[in-house]
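Undergrad: Input file: entry-v1.pdb. Contents: PDB, C-alpha atoms and all ligand atoms.
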```pdb
ATOM      1  CA  MET O   1      -5.730  22.798 -10.056
ATOM      2  CA  ARG O   2      -7.007  21.000  -7.009
ATOM      3  CA  SER O   3      -9.046  22.358  -4.181
ATOM      4  CA  PHE O   4      -9.329  20.463  -0.919
ATOM      5  CA  HIS O   5     -13.068  21.164  -1.069
ATOM      6  CA  ASP O   6     -13.365  18.772  -4.041
ATOM      7  CA  ILE O   7     -12.138  15.851  -1.928
ATOM      8  CA  LYS O   8     -14.827  13.318  -0.998
ATOM      9  CA  GLY O   9     -12.914  10.137  -0.232
ATOM     10  CA  PHE O  10      -9.663   8.500   0.850
ATOM     11  CA  ALA O  11      -8.072   5.347  -0.574
ATOM     12  CA  PHE O  12      -5.633   3.688   1.821
ATOM     13  CA  ASP O  13      -2.795   1.355   1.111
ATOM     14  CA  LEU O  14      -2.596  -1.183   3.935
ATOM     15  CA  ASP O  15       0.922  -2.572   4.427
ATOM     16  CA  GLY O  16       3.089   0.248   5.756
ATOM     17  CA  VAL O  17       0.213   2.768   5.968
ATOM     18  CA  LEU O  18      -2.407   1.317   8.310
ATOM     19  CA  THR O  19      -0.102  -1.218   9.957
ATOM     20  CA  ASP O  20       3.584  -2.059   9.928
ATOM     21  CA  THR O  21       3.279  -5.286   7.931
ATOM     22  CA  ALA O  22       5.636  -3.897   5.248
ATOM     23  CA  ARG O  23       8.498  -5.051   7.488
ATOM     24  CA  PHE O  24       7.010  -8.580   7.634
ATOM     25  CA  HIS O  25       6.775  -8.725   3.836
ATOM     26  CA  ALA O  26      10.427  -7.584   3.681
ATOM     27  CA  GLN O  27      11.496 -10.153   6.284
ATOM     28  CA  ALA O  28       9.756 -12.952   4.367
ATOM     29  CA  TRP O  29      11.093 -11.888   0.943
ATOM     30  CA  LYS O  30      14.620 -11.554   2.349
ATOM     31  CA  LYS O  31      14.400 -15.241   3.276
ATOM     32  CA  THR O  32      13.316 -16.082  -0.307
ATOM     33  CA  ALA O  33      16.136 -13.918  -1.719
ATOM     34  CA  GLU O  34      18.694 -15.800   0.389
ATOM     35  CA  GLU O  35      17.255 -19.112  -0.787
ATOM     36  CA  VAL O  36      17.585 -18.251  -4.488
ATOM     37  CA  GLY O  37      20.931 -16.466  -4.044
ATOM     38  CA  THR O  38      19.825 -12.863  -4.672
ATOM     39  CA  LYS O  39      21.677 -10.157  -2.721
ATOM     40  CA  TRP O  40      19.219  -8.320  -0.457
ATOM     41  CA  THR O  41      19.712  -4.536  -0.780
ATOM     42  CA  ASP O  42      17.809  -1.467   0.481
ATOM     43  CA  GLU O  43      17.060  -0.602  -3.145
ATOM     44  CA  LEU O  44      15.523  -4.013  -3.829
ATOM     45  CA  ALA O  45      13.511  -3.803  -0.587
ATOM     46  CA  ALA O  46      12.143  -0.344  -1.498
ATOM     47  CA  GLY O  47      11.296  -1.447  -5.049
ATOM     48  CA  LEU O  48       9.314  -4.452  -3.784
ATOM     49  CA  LYS O  49       6.954  -2.394  -1.616
ATOM     50  CA  GLY O  50       3.435  -2.376  -3.052
ATOM     51  CA  ILE O  51       4.256  -5.000  -5.693
ATOM     52  CA  SER O  52       2.024  -8.097  -5.992
ATOM     53  CA  ARG O  53       3.246 -11.464  -4.718
ATOM     54  CA  MET O  54       4.217 -13.007  -8.075
ATOM     55  CA  ASP O  55       5.658  -9.747  -9.470
ATOM     56  CA  SER O  56       7.745  -9.421  -6.279
ATOM     57  CA  LEU O  57       9.128 -12.916  -6.756
ATOM     58  CA  GLU O  58       9.985 -12.138 -10.400
ATOM     59  CA  MET O  59      11.828  -8.973  -9.289
ATOM     60  CA  ILE O  60      13.847 -10.954  -6.727
ATOM     61  CA  LEU O  61      14.753 -13.618  -9.292
ATOM     62  CA  LYS O  62      15.674 -10.977 -11.871
ATOM     63  CA  ALA O  63      17.876  -9.122  -9.354
ATOM     64  CA  GLY O  64      19.809 -12.398  -8.942
ATOM     65  CA  ASN O  65      19.818 -13.082 -12.702
ATOM     66  CA  CYS O  66      18.039 -16.356 -12.118
ATOM     67  CA  GLU O  67      14.538 -15.674 -13.458
ATOM     68  CA  HIS O  68      14.958 -18.444 -16.060
ATOM     69  CA  SER O  69      16.277 -21.029 -13.593
ATOM     70  CA  TYR O  70      12.868 -21.877 -12.122
ATOM     71  CA  THR O  71       9.819 -23.522 -13.682
ATOM     72  CA  HIS O  72       6.365 -22.052 -13.315
ATOM     73  CA  GLU O  73       5.595 -24.664 -10.644
ATOM     74  CA  GLN O  74       8.798 -23.919  -8.704
ATOM     75  CA  LYS O  75       7.973 -20.198  -8.757
ATOM     76  CA  ALA O  76       4.475 -20.908  -7.458
ATOM     77  CA  GLN O  77       6.029 -23.026  -4.700
ATOM     78  CA  LEU O  78       8.492 -20.241  -3.709
ATOM     79  CA  ALA O  79       5.624 -17.735  -3.565
ATOM     80  CA  ASP O  80       3.544 -20.141  -1.449
ATOM     81  CA  GLU O  81       6.420 -20.684   0.971
ATOM     82  CA  LYS O  82       6.878 -16.933   1.345
ATOM     83  CA  ASN O  83       3.172 -16.494   2.007
ATOM     84  CA  GLU O  84       3.083 -19.276   4.624
ATOM     85  CA  TYR O  85       6.000 -17.669   6.477
ATOM     86  CA  TYR O  86       4.371 -14.216   6.141
ATOM     87  CA  LYS O  87       1.065 -15.550   7.502
ATOM     88  CA  LYS O  88       2.876 -16.764  10.630
ATOM     89  CA  LEU O  89       4.334 -13.280  11.109
ATOM     90  CA  ILE O  90       0.899 -11.597  10.890
ATOM     91  CA  ASP O  91      -0.766 -14.163  13.109
ATOM     92  CA  THR O  92      -0.285 -12.080  16.235
ATOM     93  CA  LEU O  93      -1.674  -8.775  14.853
ATOM     94  CA  THR O  94      -4.178  -6.959  17.090
ATOM     95  CA  PRO O  95      -5.749  -3.455  17.080
ATOM     96  CA  GLU O  96      -2.611  -2.342  18.970
ATOM     97  CA  ASP O  97      -0.714  -2.791  15.711
ATOM     98  CA  ILE O  98      -2.470   0.029  13.855
ATOM     99  CA  LEU O  99       0.274   2.532  13.047
ATOM    100  CA  PRO O 100       0.426   5.689  15.234
ATOM    101  CA  GLY O 101      -2.249   8.242  14.364
ATOM    102  CA  MET O 102      -4.059   6.105  11.804
ATOM    103  CA  ALA O 103      -6.941   4.894  14.005
ATOM    104  CA  GLU O 104      -7.609   8.544  14.902
ATOM    105  CA  PHE O 105      -7.304   9.633  11.273
ATOM    106  CA  LEU O 106      -9.723   6.925  10.090
ATOM    107  CA  MET O 107     -12.227   7.960  12.736
ATOM    108  CA  GLU O 108     -11.845  11.633  11.906
ATOM    109  CA  VAL O 109     -12.463  11.229   8.171
ATOM    110  CA  LYS O 110     -15.263   8.705   8.697
ATOM    111  CA  HIS O 111     -16.961  11.026  11.182
ATOM    112  CA  LYS O 112     -16.713  13.929   8.731
ATOM    113  CA  GLY O 113     -18.541  11.875   6.072
ATOM    114  CA  TYR O 114     -15.711  11.039   3.665
ATOM    115  CA  LYS O 115     -15.856   7.708   1.838
ATOM    116  CA  LEU O 116     -13.084   5.247   2.704
ATOM    117  CA  ALA O 117     -11.523   2.461   0.639
ATOM    118  CA  VAL O 118      -8.597   0.075   0.900
ATOM    119  CA  ALA O 119      -6.374  -0.182  -2.178
ATOM    120  CA  SER O 120      -3.908  -2.895  -1.197
ATOM    121  CA  ALA O 121      -2.133  -5.345  -3.485
ATOM    122  CA  SER O 122      -2.295  -7.911  -0.697
ATOM    123  CA  LYS O 123      -4.585 -10.932  -0.863
ATOM    124  CA  ASN O 124      -4.136 -11.082   2.915
ATOM    125  CA  ALA O 125      -5.715  -7.611   3.337
ATOM    126  CA  PRO O 126      -9.207  -8.788   4.479
ATOM    127  CA  ILE O 127      -7.795 -10.936   7.298
ATOM    128  CA  ILE O 128      -5.394  -8.173   8.402
ATOM    129  CA  LEU O 129      -8.236  -5.610   8.491
ATOM    130  CA  GLU O 130     -10.245  -8.046  10.664
ATOM    131  CA  ARG O 131      -7.327  -8.565  13.051
ATOM    132  CA  LEU O 132      -6.811  -4.804  13.344
ATOM    133  CA  GLY O 133     -10.538  -4.409  14.106
ATOM    134  CA  ILE O 134     -11.088  -1.818  11.344
ATOM    135  CA  ALA O 135     -12.721  -3.905   8.575
ATOM    136  CA  ASP O 136     -16.114  -2.238   9.154
ATOM    137  CA  MET O 137     -14.772   1.277   8.682
ATOM    138  CA  PHE O 138     -14.374   0.972   4.919
ATOM    139  CA  ASP O 139     -17.004   1.468   2.225
ATOM    140  CA  ALA O 140     -14.946  -0.717  -0.114
ATOM    141  CA  VAL O 141     -11.918  -3.001  -0.272
ATOM    142  CA  VAL O 142     -10.478  -3.520  -3.754
ATOM    143  CA  ASP O 143      -9.977  -7.209  -4.577
ATOM    144  CA  PRO O 144      -6.458  -7.370  -6.062
ATOM    145  CA  ALA O 145      -7.250 -10.770  -7.621
ATOM    146  CA  ALA O 146      -9.805  -9.052  -9.886
ATOM    147  CA  LEU O 147      -7.283  -6.600 -11.359
ATOM    148  CA  LYS O 148      -5.448  -6.936 -14.668
ATOM    149  CA  SER O 149      -2.358  -5.010 -13.519
ATOM    150  CA  GLY O 150      -0.769  -4.352 -10.147
ATOM    151  CA  LYS O 151       0.864  -1.164  -8.829
ATOM    152  CA  PRO O 152       2.482   0.954 -10.311
ATOM    153  CA  ASP O 153      -0.383   0.642 -12.835
ATOM    154  CA  PRO O 154      -3.204   3.054 -11.864
ATOM    155  CA  GLU O 155      -5.915   0.343 -12.052
ATOM    156  CA  ILE O 156      -6.172  -0.363  -8.307
ATOM    157  CA  PHE O 157      -6.677   3.296  -7.337
ATOM    158  CA  VAL O 158      -9.076   3.870 -10.254
ATOM    159  CA  ARG O 159     -11.074   0.863  -8.998
ATOM    160  CA  ALA O 160     -11.037   2.230  -5.418
ATOM    161  CA  ALA O 161     -12.617   5.491  -6.656
ATOM    162  CA  GLU O 162     -15.227   3.553  -8.661
ATOM    163  CA  LEU O 163     -16.154   1.441  -5.632
ATOM    164  CA  MET O 164     -16.639   4.640  -3.595
ATOM    165  CA  ASN O 165     -18.761   6.075  -6.461
ATOM    166  CA  LEU O 166     -16.327   8.968  -6.793
ATOM    167  CA  GLN O 167     -14.295  10.543  -9.574
ATOM    168  CA  PRO O 168     -10.513  10.075  -9.185
ATOM    169  CA  CYS O 169     -10.126  13.857  -8.773
ATOM    170  CA  GLU O 170     -12.268  13.611  -5.616
ATOM    171  CA  VAL O 171      -9.939  11.080  -3.982
ATOM    172  CA  ILE O 172      -6.772  11.287  -1.898
ATOM    173  CA  GLY O 173      -4.619   8.134  -1.915
ATOM    174  CA  LEU O 174      -2.194   7.306   0.898
ATOM    175  CA  GLU O 175       0.866   5.167   0.231
ATOM    176  CA  ASP O 176       4.271   4.186   1.626
ATOM    177  CA  SER O 177       5.644   2.820  -1.661
ATOM    178  CA  ILE O 178       7.109   4.275  -4.836
ATOM    179  CA  ALA O 179       4.930   1.930  -6.934
ATOM    180  CA  GLY O 180       1.834   3.044  -5.004
ATOM    181  CA  ILE O 181       2.522   6.760  -5.455
ATOM    182  CA  LYS O 182       2.935   6.215  -9.208
ATOM    183  CA  SER O 183      -0.377   4.323  -9.217
ATOM    184  CA  ILE O 184      -2.221   7.150  -7.396
ATOM    185  CA  ASN O 185      -0.721   9.820  -9.633
ATOM    186  CA  GLY O 186      -1.517   7.790 -12.757
ATOM    187  CA  ALA O 187      -5.117   7.465 -11.580
ATOM    188  CA  GLY O 188      -5.398  11.268 -11.352
ATOM    189  CA  GLU O 189      -5.843  11.283  -7.561
ATOM    190  CA  VAL O 190      -3.946  13.346  -4.990
ATOM    191  CA  SER O 191      -1.026  11.322  -3.633
ATOM    192  CA  VAL O 192       0.067  11.372  -0.007
ATOM    193  CA  GLY O 193       3.427   9.664   0.551
ATOM    194  CA  ILE O 194       4.319   8.416   4.019
ATOM    195  CA  GLY O 195       7.966   7.590   4.704
ATOM    196  CA  ASP O 196      11.322   8.494   3.176
ATOM    197  CA  LYS O 197      11.014  11.804   1.298
ATOM    198  CA  ASP O 198      13.746  11.029  -1.235
ATOM    199  CA  GLU O 199      12.141   7.688  -2.055
ATOM    200  CA  LEU O 200       8.627   9.186  -2.324
ATOM    201  CA  TYR O 201       9.586  12.392  -4.130
ATOM    202  CA  GLU O 202       6.755  11.940  -6.646
ATOM    203  CA  ALA O 203       4.102  12.308  -3.931
ATOM    204  CA  ALA O 204       2.035  15.513  -4.056
ATOM    205  CA  ILE O 205       2.008  15.690  -0.249
ATOM    206  CA  HIS O 206       4.552  14.082   2.060
ATOM    207  CA  PHE O 207       4.681  13.005   5.711
ATOM    208  CA  ALA O 208       7.686  11.399   7.374
ATOM    209  CA  SER O 209       5.468   9.107   9.447
ATOM    210  CA  THR O 210       1.814   8.171   9.992
ATOM    211  CA  ALA O 211       1.849  10.074  13.297
ATOM    212  CA  GLU O 212       1.921  13.328  11.297
ATOM    213  CA  VAL O 213      -1.130  12.511   9.165
ATOM    214  CA  SER O 214      -4.325  14.420   9.969
ATOM    215  CA  LEU O 215      -7.081  16.103   7.996
ATOM    216  CA  SER O 216      -5.847  19.565   8.977
ATOM    217  CA  ALA O 217      -2.250  18.717   8.010
ATOM    218  CA  ILE O 218      -3.411  17.514   4.579
ATOM    219  CA  GLN O 219      -5.765  20.453   4.076
ATOM    220  CA  GLY O 220      -3.077  22.923   5.164
ATOM    221  CA  ASP O 221      -0.351  21.387   2.995
ATOM    222  CA  PRO O 222       1.233  23.824   0.511
ATOM    223  CA  TYR O 223      -0.022  21.513  -2.293
ATOM    224  CA  PHE O 224      -3.597  22.675  -1.685
ATOM    225  CA  SER O 225      -2.739  26.265  -0.866
ATOM    226  CA  ARG O 226      -0.720  26.431  -4.119
ATOM    227  CA  SER O 227      -3.704  24.990  -5.998
ATOM    228  CA  ASN O 228      -6.042  27.547  -4.435
ATOM    229  CA  LEU O 229      -4.018  30.602  -5.421
TER     230      LEU O 229
HETATM  231  C1  LIG O 301       1.490  -5.153  -0.804
HETATM  232  C2  LIG O 301       2.836  -5.200  -0.137
HETATM  233  O1  LIG O 301       0.602  -4.431  -0.001
HETATM  234  O2  LIG O 301       0.985  -6.471  -0.990
HETATM  235  C3  LIG O 301       3.786  -6.089  -0.922
HETATM  236  O3  LIG O 301       3.361  -3.876  -0.055
HETATM  237  C4  LIG O 301       3.166  -7.471  -1.111
HETATM  238  O4  LIG O 301       5.011  -6.174  -0.230
HETATM  239  C5  LIG O 301       1.798  -7.312  -1.788
HETATM  240  O5  LIG O 301       4.002  -8.294  -1.911
HETATM  241  C6  LIG O 301       1.085  -8.654  -1.989
HETATM  242  O6  LIG O 301       0.770  -9.199  -0.739
HETATM  243  P1  LIG O 301       0.232 -10.676  -0.489
HETATM  244  O7  LIG O 301      -0.175 -10.652   0.973
HETATM  245  O8  LIG O 301      -0.929 -10.902  -1.404
HETATM  246  O9  LIG O 301       1.353 -11.607  -0.769
HETATM  247 MG    MG O 302       2.440  -0.331   1.351
END
```
Here is a file; write its structure as structure tokens.
TA:
Amino acid sequence: MRSFHDIKGFAFDLDGVLTDTARFHAQAWKKTAEEVGTKWTDELAAGLKGISRMDSLEMILKAGNCEHSYTHEQKAQLADEKNEYYKKLIDTLTPEDILPGMAEFLMEVKHKGYKLAVASASKNAPIILERLGIADMFDAVVDPAALKSGKPDPEIFVRAAELMNLQPCEVIGLEDSIAGIKSINGAGEVSVGIGDKDELYEAAIHFASTAEVSLSAIQGDPYFSRSNL
């Protein structure tokens, strides 16, 4: 049973939680899908969220039954092309692009003394955090290149807790992806899902959008009141 009073830190996904770059990833992968002849569907788009660059490419190739049609080098080239296109899309990011409510939420939790970490699968995370002007707010940013397994494996959220010097049970993780929620739950942290409720049904706590996220809304969620009974 969890009590909100045990919580000492927050681990944030980046794309789709702190800023709306999830749509840029989708836009760039859709282009790749068209190039390799994979049909772009809502289901494929949802399944790709939170997934590392090379795993995403493999999923797209598999969805088009063409995972064996490309050499290792060709796959690396497709992933590079996607990343170059994606980097152009994020080039214009500014602090204005922090999703509604999240700058306030970061300030609120920081001010109250919680530890903060970023648990993003993206190798572009450090540059995005700089562009958003929030890089200094975090005690730790997990380096996805140093991980053995990507989301939905729990490793990234376990690492985020370690870097904050906290136990997983003291951490709340915030995510917009199915893979990310599975990762948080697998790590033994409290999962907050932001977005489509049907998609994120495994989240312990759910918000339809970032604008609804606040410390009081999390603390007052039935998940914690149920745990405190
Ligand atoms: C995740 C995104 O945060 O990062 C995925 O949700 C993306 O869509 C992954 O594929 C890896 O990002 P990058 O920037 O390293 O290609
Ligand atoms: Mg995300």
Undergrad: Which residue gives the smallest distance to Val142 in chain O among O:Gly47, O:Glu35, O:Ala117, O:Ile127, with all atoms listed in the file counted?
TA: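 Of O:Gly47, O:Glu35, O:Ala117, O:Ile127, the one nearest Val142 in chain O, counting all atoms listed in the file, is O:Ala117.
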Undergrad: Pick from O:Ile134, O:Ala187, O:Phe224, O:Thr32: nearest to Glu104 in chain O, with only C-alpha atoms counted?
TA: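 Using only C-alpha atoms, the shortest distance to Glu104 in chain O belongs to O:Ile134.
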Undergrad: Would you compute the distance between CA of Val171 in chain O and CA of Gly9 in chain O? Give it in Å to one decimal.
TA: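 Separation of CA of Val171 in chain O and CA of Gly9 in chain O: 4.9 Å.
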Undergrad: Identify, on the basis of only C-alpha atoms, every residue whose closest approach to Pro222 in chain O does not exceed 12 Å; exclude the query and any residue fewer than 3 positions from it along the same chain; express the result as a list in words.
TA: Arg2, Ser3, Phe4, Ala204, Ile205, His206, Ser216, Ala217, Ile218, Gln219, Ser225, Arg226, Ser227, Asn228 and Leu229 of chain O
Undergrad: Using CA of Thr92 in chain O and CA of Trp40 in chain O as the two end points, give the distance in Å to one decimal.
TA: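 Those two atoms sit 25.9 Å apart.
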Undergrad: Nearest to ligand LIG 301 (chain O): which of O:Ile51, O:Ile172, O:Ile7, O:Ala203 is it, counting only C-alpha atoms and all ligand atoms?
TA: O:Ile51
Undergrad: Would you compute the distance between CA of Gly101 in chain O and CA of Asn165 in chain O? Give it in Å to one decimal.
TA: 26.7 Å
Undergrad: So, with only C-alpha atoms and all ligand atoms as the atoms that count, which of O:His72, O:Lys112, O:Lys82, O:His25 lies closest to ligand MG 302 (chain O)?
TA: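 Checking each of O:His72, O:Lys112, O:Lys82, O:His25 against ligand MG 302 (chain O), counting only C-alpha atoms and all ligand atoms, the winner is O:His25.
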Undergrad: Decode the PyMOL selection byres (((not hetatm)) within 8 of (chain O and resi 301)) for the given file into explicit residues and return them as a list in words.
TA: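 Taken over the shown coordinates, the PyMOL selection byres (((not hetatm)) within 8 of (chain O and resi 301)) returns Asp13, Leu14, Asp15, Gly16, Ala22, His25, Ala26, Leu48, Lys49, Gly50, Ile51, Ser52, Arg53, Met54, Asp55, Ser56, Ala79, Lys82, Asn83, Tyr86, Ser120, Ala121, Ser122, Lys123, Asn124, Ala125 and Ser177 of chain O.
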Undergrad: Those same residues - C-alpha atoms - I'd like them written as a short mmCIF file (atom, residue, chain, number, x, y, z; two decimals), in the frame of the given file.
TA:
```
data_model
loop_
_atom_site.label_atom_id
_atom_site.label_comp_id
_atom_site.auth_asym_id
_atom_site.auth_seq_id
_atom_site.Cartn_x
_atom_site.Cartn_y
_atom_site.Cartn_z
CA ASP O 13 -2.80 1.36 1.11
CA LEU O 14 -2.60 -1.18 3.94
CA ASP O 15 0.92 -2.57 4.43
CA GLY O 16 3.09 0.25 5.76
CA ALA O 22 5.64 -3.90 5.25
CA HIS O 25 6.78 -8.72 3.84
CA ALA O 26 10.43 -7.58 3.68
CA LEU O 48 9.31 -4.45 -3.78
CA LYS O 49 6.95 -2.39 -1.62
CA GLY O 50 3.44 -2.38 -3.05
CA ILE O 51 4.26 -5.00 -5.69
CA SER O 52 2.02 -8.10 -5.99
CA ARG O 53 3.25 -11.46 -4.72
CA MET O 54 4.22 -13.01 -8.07
CA ASP O 55 5.66 -9.75 -9.47
CA SER O 56 7.74 -9.42 -6.28
CA ALA O 79 5.62 -17.74 -3.56
CA LYS O 82 6.88 -16.93 1.34
CA ASN O 83 3.17 -16.49 2.01
CA TYR O 86 4.37 -14.22 6.14
CA SER O 120 -3.91 -2.90 -1.20
CA ALA O 121 -2.13 -5.34 -3.48
CA SER O 122 -2.30 -7.91 -0.70
CA LYS O 123 -4.58 -10.93 -0.86
CA ASN O 124 -4.14 -11.08 2.92
CA ALA O 125 -5.72 -7.61 3.34
CA SER O 177 5.64 2.82 -1.66
#
```
Undergrad: Taking the file as shown, what set of residues would the PyMOL selection byres (((chain O and resi 114-116) around 12) and not hetatm) give back, as JSON, numbers by chain?
TA: {"O": [5, 6, 7, 8, 9, 10, 11, 12, 13, 105, 106, 107, 108, 109, 110, 111, 112, 113, 117, 118, 119, 134, 135, 136, 137, 138, 139, 140, 141, 142, 160, 161, 162, 163, 164, 165, 166, 167, 170, 171, 172, 173, 174, 215]}
Undergrad: What would the file be for range 54-123 of chain O if you keep C-alpha atoms and write it as a compact mmCIF listing (two decimals), in the first residue's frame?
TA:
```
# COMPACT_ATOMS: atom_id res chain seq x y z
CA MET O 54 16.45 1.52 -33.34
CA ASP O 55 13.63 -0.45 -31.67
CA SER O 56 11.13 1.97 -33.26
CA LEU O 57 12.62 1.36 -36.69
CA GLU O 58 12.45 -2.42 -36.15
CA MET O 59 8.76 -2.11 -35.17
CA ILE O 60 8.01 -0.10 -38.33
CA LEU O 61 9.82 -2.63 -40.53
CA LYS O 62 8.08 -5.54 -38.81
CA ALA O 63 4.65 -3.90 -39.24
CA GLY O 64 5.38 -3.83 -42.99
CA ASN O 65 6.81 -7.38 -42.97
CA CYS O 66 10.08 -6.08 -44.31
CA GLU O 67 12.42 -6.40 -41.32
CA HIS O 68 14.65 -8.82 -43.27
CA SER O 69 14.82 -6.66 -46.41
CA TYR O 70 17.38 -4.22 -45.01
CA THR O 71 21.01 -4.72 -44.01
CA HIS O 72 22.35 -3.47 -40.71
CA GLU O 73 23.94 -0.52 -42.52
CA GLN O 74 20.70 0.36 -44.35
CA LYS O 75 18.81 0.29 -41.04
CA ALA O 76 21.39 2.59 -39.46
CA GLN O 77 21.00 4.92 -42.44
CA LEU O 78 17.17 4.96 -42.14
CA ALA O 79 17.46 5.75 -38.42
CA ASP O 80 19.97 8.54 -39.14
CA GLU O 81 17.70 10.06 -41.78
CA LYS O 82 14.78 10.03 -39.35
CA ASN O 83 16.90 11.69 -36.69
CA GLU O 84 18.14 14.41 -39.07
CA TYR O 85 14.55 15.23 -40.06
CA TYR O 86 13.47 15.14 -36.38
CA LYS O 87 16.32 17.48 -35.40
CA LYS O 88 15.05 20.03 -37.93
CA LEU O 89 11.59 19.83 -36.38
CA ILE O 90 12.92 20.49 -32.85
CA ASP O 91 15.22 23.27 -33.97
CA THR O 92 12.68 25.97 -33.19
CA LEU O 93 11.80 24.82 -29.64
CA THR O 94 11.76 27.55 -26.97
CA PRO O 95 10.52 27.75 -23.34
CA GLU O 96 7.10 28.58 -24.84
CA ASP O 97 6.92 24.95 -25.95
CA ILE O 98 6.74 23.49 -22.45
CA LEU O 99 3.36 21.75 -22.27
CA PRO O 100 0.58 23.58 -20.35
CA GLY O 101 0.97 23.34 -16.58
CA MET O 102 4.32 21.56 -16.61
CA ALA O 103 6.57 24.58 -15.93
CA GLU O 104 4.37 25.37 -12.91
CA PHE O 105 4.37 21.74 -11.79
CA LEU O 106 8.17 21.50 -12.04
CA MET O 107 8.54 24.67 -10.01
CA GLU O 108 6.04 23.51 -7.42
CA VAL O 109 7.71 20.15 -6.77
CA LYS O 110 11.21 21.64 -6.88
CA HIS O 111 10.20 24.34 -4.41
CA LYS O 112 8.73 21.72 -2.07
CA GLY O 113 12.06 19.85 -2.01
CA TYR O 114 11.27 16.79 -4.14
CA LYS O 115 14.07 15.32 -6.25
CA LEU O 116 13.55 15.52 -10.02
CA ALA O 117 14.86 13.30 -12.81
CA VAL O 118 14.34 12.87 -16.53
CA ALA O 119 13.75 9.31 -17.74
CA SER O 120 13.59 9.73 -21.51
CA ALA O 121 14.58 7.20 -24.16
CA SER O 122 15.68 10.09 -26.36
CA LYS O 123 19.34 10.80 -27.07
```
